[in-house]
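Notes to accompany the following structure.
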Amino acid sequence: MRRELEPWLAGRVLKRVELLAPAGPKYASLERAAGQSVLSVGRRGKFILAPLSAGDELVIHLGMTGSISAEEPTGPAAQHVRVRVHLAGKGPETLYFRDARRFGRFLVVPAGEYGSLPTLAALGPEPFDDSFSAADFAARLGRSRTAVKTYLLSQRPIAGVGNIYADEALWRARIHPLTSARDVSRAKAAELLAAIRAVLSESIAANGTTIKDYRRVDGEAGGFYERLAVYGKGGQPCPRCGTERVRTVVGQRGTVHCPHCQRSPRRRAGPAARRGSERPVRPRT
DNA sequence: CGCATTTCCTGGTAGC
DNA sequence: TGCTACCAGGAAATGC
């Protein structure tokens with residue numbers, strides 16, 4: 001989306017960013033954008049970040065059901081347009097931000113001041129940062145006892161992995177989603193990082209995953225849905241081993257894994273566990 | 001602070 | 001047909 005948006009936004013002047021949704025923490029300070037030009041269109045994790053000429057920054061997140069287009073939505077979709085971006089110069093005159101469930105974000109903040117966006121402020125490294133090593137990733141996973149899947153979704157060990165890609169990557173790396181993050185070995189962390197990089201680059205190449213709501217800026221669906229190996233495929237046989245995969249809930253999120261390829265986490269047998277100061281994770285498989 | 005739970009929000013759908 | 005109840009989940013807020 002960043003790539004698709006860049007030619008429409010970079011270098012152009014924002015005449016007005018018009019708020020249609022009720023203002024609030026998710027849609028804030030858009031009036032500040034008026035008259036500023038867009039210096040560049042960047043991205044951190046799932047956030048689009050566009051620095052503006054007067055020192056502010058446009059922050060956009062699609063949430064679950066967000067999309068951006070230059071075509072004015074019609075029909076029932078029209079009522080979900082939350083923001084209209086009016087642009088000067090060459091290119092589309094207006095961009096439309098749709099967000100049916102209002103889980104998205106569209107706000108202007110002083111550049112780099114993410115106090116109102118704690119996830120962005122504490123975002124982990126970019127998956128494709130060359131200087132981000134498997135050892136770094138392993139060290140980050142070591143900071144939490146939370147289930148590795150839940151920790152991935154927090155965006156703290158690595159940026160940009162959501163529910164779909166977490167399940168896909170854990171399956172590829174043969175890691176049970178309930179494994180405590182700190183119990184992921186260095187070798188497994190390396191496999192997981194490689195799996196995350198692979199699944200993300202494959203999905204980007206296919207223009208993303210459209211289940212229902214996600215749309216490219218031209219309104220087309222992304223093509224990765226057909227390539228999903230695990231997400232939404234509970235009860236179906238694992239393509240690697242044929243075992244029936246299981247759907248559970250991990251951290252309030254629907255989760256699918258293969259009980260044969262992704263073995264249940266073993267309880268920790270370290271001194272802390274012997275002292276009883278830590279409850280062994282009881283896998284629900 | 002770390003971690004778990006709840007909340008926000010609405011289209012879609014299962015069940016009656 | 002029309003109603004209610006519930007589900008989906010990214011990130012923030014709240015509760016221990």
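Every chain in the structure tokens takes a letter, A first, then B, and so on in the order presented; its residues are numbered from 1, and the ligands are numbered from 1 following the presented order.
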
**OP:** Just the residues within 10 Å of DT5 of chain B, please, counting only C-alpha atoms (C1' of nucleotides), with nothing from its chain fewer than 2 positions along; format it as a list in words.
**Re:** Gly251 and Gln252 of chain A; DC3 and DT7 of chain B; DT14, DG15 and DC16 of chain C

Please write the residues from the selection above to a file, keeping N, CA and C atoms (P, O5', C5', C4', C3', O3' and C1' of nucleotides), as a compact mmCIF listing (two decimals), in the first residue's frame.
# COMPACT_ATOMS: atom_id res chain seq x y z
N GLY A 251 -4.72 -15.56 22.92
CA GLY A 251 -4.74 -14.11 23.10
C GLY A 251 -5.95 -13.47 22.45
N GLN A 252 -7.08 -14.11 22.57
CA GLN A 252 -8.37 -13.64 22.03
C GLN A 252 -8.42 -13.63 20.51
P DC B 3 5.95 -10.69 30.31
O5' DC B 3 4.39 -10.97 30.39
C5' DC B 3 3.88 -11.63 31.55
C4' DC B 3 2.41 -11.35 31.65
C3' DC B 3 1.61 -11.74 30.41
O3' DC B 3 0.84 -12.87 30.74
C1' DC B 3 0.86 -9.70 31.41
P DT B 7 -15.72 -4.56 28.95
O5' DT B 7 -15.26 -3.55 27.80
C5' DT B 7 -14.57 -2.37 28.17
C4' DT B 7 -14.11 -1.65 26.92
C3' DT B 7 -15.21 -1.49 25.87
O3' DT B 7 -15.50 -0.11 25.73
C1' DT B 7 -13.12 -2.17 24.90
P DT C 14 -8.79 4.05 30.38
O5' DT C 14 -8.89 2.65 31.13
C5' DT C 14 -9.94 1.75 30.78
C4' DT C 14 -9.71 0.42 31.49
C3' DT C 14 -9.39 0.56 32.97
O3' DT C 14 -10.31 -0.24 33.69
C1' DT C 14 -7.90 -0.93 31.92
P DG C 15 -10.37 -0.17 35.28
O5' DG C 15 -9.79 -1.60 35.66
C5' DG C 15 -10.22 -2.75 34.92
C4' DG C 15 -9.47 -3.97 35.40
C3' DG C 15 -9.13 -3.94 36.88
O3' DG C 15 -9.33 -5.25 37.40
C1' DG C 15 -7.14 -4.22 35.61
P DC C 16 -9.48 -5.47 38.96
O5' DC C 16 -8.00 -5.59 39.50
C5' DC C 16 -7.60 -6.81 40.08
C4' DC C 16 -6.43 -7.40 39.33
C3' DC C 16 -5.33 -7.84 40.29
O3' DC C 16 -5.37 -9.25 40.36
C1' DC C 16 -4.48 -6.82 38.30

Item to check | Contact residues around DC16 of chain B with only C-alpha atoms (C1' of nucleotides) at 12 Å, ignoring same-chain residues under 4 positions, as a PyMOL selection string | outcome: chain C and resi 1-5

#### Entry: Neighbour list for Gly11 of chain A as number ranges by chain, cut-off 12 Å, only C-alpha atoms (C1' of nucleotides), skip fewer than 2 positions in-chain
A: 5-9, 13-14, 36-41, 50-53, 87-91

| message | Please report the interatomic distance between atom CA of Pro157 of chain A and atom CA of Asp213 of chain A in Å with one decimal. | response |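 Answer for the atom CA of Pro157 of chain A to atom CA of Asp213 of chain A separation: 27.2 Å.
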
Contact table chain C vs chain A, cut-off 9 Å, shortest pair per residue, only C-alpha atoms (C1' of nucleotides), as CSV:
residue,atom,partner,partner_atom,distance
C:DA8,C1',A:Gly254,CA,8.7
C:DG9,C1',A:Met64,CA,6.7
C:DG10,C1',A:Gly63,CA,5.5
C:DA11,C1',A:Thr119,CA,7.1
C:DA12,C1',A:Pro118,CA,8.0

Write the selection just made, keeping N, CA and C atoms (P, O5', C5', C4', C3', O3' and C1' of nucleotides), as a CSV table (one decimal), in the first residue's frame?
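In the end it all went to part_25.csv:
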chain,number,residue,atom,x,y,z
C,8,DA,P,-14.4,-15.8,16.1
C,8,DA,O5',-13.8,-14.6,15.1
C,8,DA,C5',-13.9,-14.8,13.7
C,8,DA,C4',-13.6,-13.5,13.0
C,8,DA,C3',-12.4,-12.8,13.6
C,8,DA,O3',-11.2,-13.2,13.0
C,8,DA,C1',-14.2,-11.3,13.3
C,9,DG,P,-9.9,-13.4,13.8
C,9,DG,O5',-9.4,-11.9,14.0
C,9,DG,C5',-9.0,-11.1,12.9
C,9,DG,C4',-8.8,-9.7,13.4
C,9,DG,C3',-7.7,-9.6,14.4
C,9,DG,O3',-6.9,-8.5,14.2
C,9,DG,C1',-9.6,-8.6,15.2
C,10,DG,P,-5.4,-8.6,13.7
C,10,DG,O5',-4.9,-7.1,13.8
C,10,DG,C5',-5.2,-6.2,12.8
C,10,DG,C4',-4.8,-4.8,13.3
C,10,DG,C3',-3.5,-4.7,14.2
C,10,DG,O3',-2.9,-3.5,14.0
C,10,DG,C1',-5.5,-4.2,15.5
C,11,DA,P,-1.6,-3.1,14.8
C,11,DA,O5',-2.1,-2.3,16.0
C,11,DA,C5',-2.8,-1.1,15.7
C,11,DA,C4',-3.5,-0.6,17.0
C,11,DA,C3',-2.5,-0.3,18.2
C,11,DA,O3',-2.8,1.0,18.5
C,11,DA,C1',-4.4,-1.5,18.9
C,12,DA,P,-1.9,1.8,19.7
C,12,DA,O5',-3.0,2.0,20.8
C,12,DA,C5',-4.1,2.7,20.4
C,12,DA,C4',-5.1,2.8,21.6
C,12,DA,C3',-4.5,3.3,22.9
C,12,DA,O3',-5.4,4.2,23.5
C,12,DA,C1',-5.5,1.1,23.2

Counting only C-alpha atoms (C1' of nucleotides), a student should be able to say which residues of chain A come within 8 Å of chain B; what is the right answer, written as a PDB file with N, CA and C atoms, in the first residue's frame?
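This went into result.pdb:
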ATOM      1  N   ALA A 100     -14.864   0.836   7.610  1.00  0.00           N
ATOM      2  CA  ALA A 100     -16.208   0.447   8.041  1.00  0.00           C
ATOM      3  C   ALA A 100     -16.310   0.320   9.555  1.00  0.00           C
ATOM      4  N   ARG A 101     -15.363  -0.397  10.169  1.00  0.00           N
ATOM      5  CA  ARG A 101     -15.492  -0.647  11.604  1.00  0.00           C
ATOM      6  C   ARG A 101     -14.782   0.375  12.473  1.00  0.00           C
ATOM      7  N   ARG A 102     -14.180   1.342  11.842  1.00  0.00           N
ATOM      8  CA  ARG A 102     -13.470   2.406  12.577  1.00  0.00           C
ATOM      9  C   ARG A 102     -12.384   1.841  13.497  1.00  0.00           C
ATOM     10  N   PHE A 103     -11.705   0.803  13.048  1.00  0.00           N
ATOM     11  CA  PHE A 103     -10.547   0.303  13.776  1.00  0.00           C
ATOM     12  C   PHE A 103      -9.276   0.939  13.241  1.00  0.00           C
ATOM     13  N   THR A 146       5.202 -14.444  27.473  1.00  0.00           N
ATOM     14  CA  THR A 146       3.918 -14.583  26.791  1.00  0.00           C
ATOM     15  C   THR A 146       4.022 -15.601  25.656  1.00  0.00           C
TER      16      THR A 146
END

Q | Picked from segment 46-259 of chain A by DSSP as alpha helix (DSSP H), as a PyMOL selection string | A | chain A and resi 118-121+134-141+148-153+163-172+186-205

**Request:** Write out as a PyMOL selection string each polymer residue whose atoms come within 12 Å of Lys233 of chain A, counting only C-alpha atoms (C1' of nucleotides); drop sequence neighbours fewer than 6 positions from it.
**Result:** chain A and resi 164+167-168+171+225-227+239+244-248+254-258

Taking the backbone alone, and naming residues the way the document does, which bits of segment 93-142 of chain A are strand (DSSP E or B) by DSSP, as a short mmCIF file (atom, residue, chain, number, x, y, z; two decimals) with all heavy atoms, in the first residue's frame?
data_model
loop_
_atom_site.label_atom_id
_atom_site.label_comp_id
_atom_site.auth_asym_id
_atom_site.auth_seq_id
_atom_site.Cartn_x
_atom_site.Cartn_y
_atom_site.Cartn_z
N THR A 94 -8.63 13.90 -5.14
CA THR A 94 -9.15 13.49 -3.83
C THR A 94 -8.83 12.02 -3.57
O THR A 94 -8.95 11.20 -4.47
CB THR A 94 -10.69 13.66 -3.78
OG1 THR A 94 -11.02 14.96 -4.30
CG2 THR A 94 -11.20 13.54 -2.36
N LEU A 95 -8.40 11.75 -2.34
CA LEU A 95 -8.24 10.35 -1.91
C LEU A 95 -9.28 10.09 -0.83
O LEU A 95 -9.58 10.96 -0.01
CB LEU A 95 -6.83 10.10 -1.37
CG LEU A 95 -5.66 10.31 -2.34
CD1 LEU A 95 -4.34 9.94 -1.66
CD2 LEU A 95 -5.84 9.49 -3.61
N TYR A 96 -9.80 8.87 -0.83
CA TYR A 96 -10.88 8.51 0.09
C TYR A 96 -10.39 7.41 1.03
O TYR A 96 -9.91 6.37 0.58
CB TYR A 96 -12.10 8.02 -0.69
CG TYR A 96 -12.63 9.06 -1.65
CD1 TYR A 96 -12.09 9.17 -2.94
CD2 TYR A 96 -13.63 9.95 -1.27
CE1 TYR A 96 -12.55 10.13 -3.83
CE2 TYR A 96 -14.10 10.92 -2.16
CZ TYR A 96 -13.56 11.00 -3.43
OH TYR A 96 -14.01 11.96 -4.30
N PHE A 97 -10.52 7.66 2.32
CA PHE A 97 -10.16 6.65 3.32
C PHE A 97 -11.43 6.05 3.87
O PHE A 97 -12.22 6.72 4.54
CB PHE A 97 -9.34 7.28 4.45
CG PHE A 97 -8.90 6.31 5.53
CD1 PHE A 97 -7.89 5.39 5.28
CD2 PHE A 97 -9.50 6.31 6.78
CE1 PHE A 97 -7.49 4.49 6.27
CE2 PHE A 97 -9.10 5.42 7.77
CZ PHE A 97 -8.09 4.51 7.51
N ARG A 98 -11.62 4.78 3.55
CA ARG A 98 -12.79 4.05 4.05
C ARG A 98 -12.38 3.23 5.25
O ARG A 98 -11.30 2.68 5.29
CB ARG A 98 -13.32 3.09 2.99
CG ARG A 98 -14.17 3.72 1.93
CD ARG A 98 -14.65 2.61 1.00
NE ARG A 98 -15.35 1.55 1.76
CZ ARG A 98 -15.40 0.27 1.37
NH1 ARG A 98 -14.81 -0.12 0.29
NH2 ARG A 98 -16.05 -0.60 2.11
N ASP A 99 -13.30 3.10 6.22
CA ASP A 99 -12.98 2.34 7.43
C ASP A 99 -14.30 1.94 8.09
O ASP A 99 -14.76 2.60 9.02
CB ASP A 99 -12.13 3.22 8.36
CG ASP A 99 -11.73 2.48 9.63
OD1 ASP A 99 -11.82 1.24 9.66
OD2 ASP A 99 -11.32 3.15 10.59
N ARG A 105 -6.72 4.20 11.88
CA ARG A 105 -6.23 5.47 12.44
C ARG A 105 -5.88 6.38 11.28
O ARG A 105 -5.40 5.93 10.25
CB ARG A 105 -4.95 5.32 13.28
CG ARG A 105 -4.84 4.03 14.03
CD ARG A 105 -5.07 4.20 15.49
NE ARG A 105 -5.81 3.01 15.89
CZ ARG A 105 -6.14 2.70 17.12
NH1 ARG A 105 -5.81 3.48 18.10
NH2 ARG A 105 -6.83 1.62 17.37
N PHE A 106 -6.12 7.66 11.49
CA PHE A 106 -5.77 8.66 10.49
C PHE A 106 -5.55 9.93 11.29
O PHE A 106 -6.50 10.55 11.74
CB PHE A 106 -6.92 8.82 9.47
CG PHE A 106 -6.47 9.31 8.12
CD1 PHE A 106 -6.64 8.52 6.99
CD2 PHE A 106 -5.89 10.56 7.98
CE1 PHE A 106 -6.23 8.96 5.74
CE2 PHE A 106 -5.49 11.01 6.73
CZ PHE A 106 -5.65 10.21 5.62
N LEU A 107 -4.29 10.26 11.54
CA LEU A 107 -4.05 11.45 12.37
C LEU A 107 -2.77 12.16 12.00
O LEU A 107 -1.90 11.60 11.33
CB LEU A 107 -4.07 11.09 13.85
CG LEU A 107 -3.44 9.80 14.32
CD1 LEU A 107 -2.33 10.12 15.29
CD2 LEU A 107 -4.47 8.97 15.03
N VAL A 108 -2.70 13.39 12.43
CA VAL A 108 -1.52 14.21 12.23
C VAL A 108 -0.90 14.47 13.59
O VAL A 108 -1.59 14.87 14.53
CB VAL A 108 -1.87 15.55 11.54
CG1 VAL A 108 -0.65 16.45 11.46
CG2 VAL A 108 -2.43 15.28 10.14
N VAL A 109 0.41 14.20 13.70
CA VAL A 109 1.13 14.44 14.96
C VAL A 109 2.41 15.20 14.63
O VAL A 109 2.87 15.17 13.49
CB VAL A 109 1.49 13.11 15.67
CG1 VAL A 109 0.24 12.30 15.99
CG2 VAL A 109 2.46 12.27 14.83
N PRO A 110 2.98 15.90 15.60
CA PRO A 110 4.31 16.46 15.37
C PRO A 110 5.26 15.30 15.05
O PRO A 110 5.20 14.26 15.70
CB PRO A 110 4.67 17.10 16.72
CG PRO A 110 3.36 17.32 17.41
CD PRO A 110 2.47 16.20 16.96
#
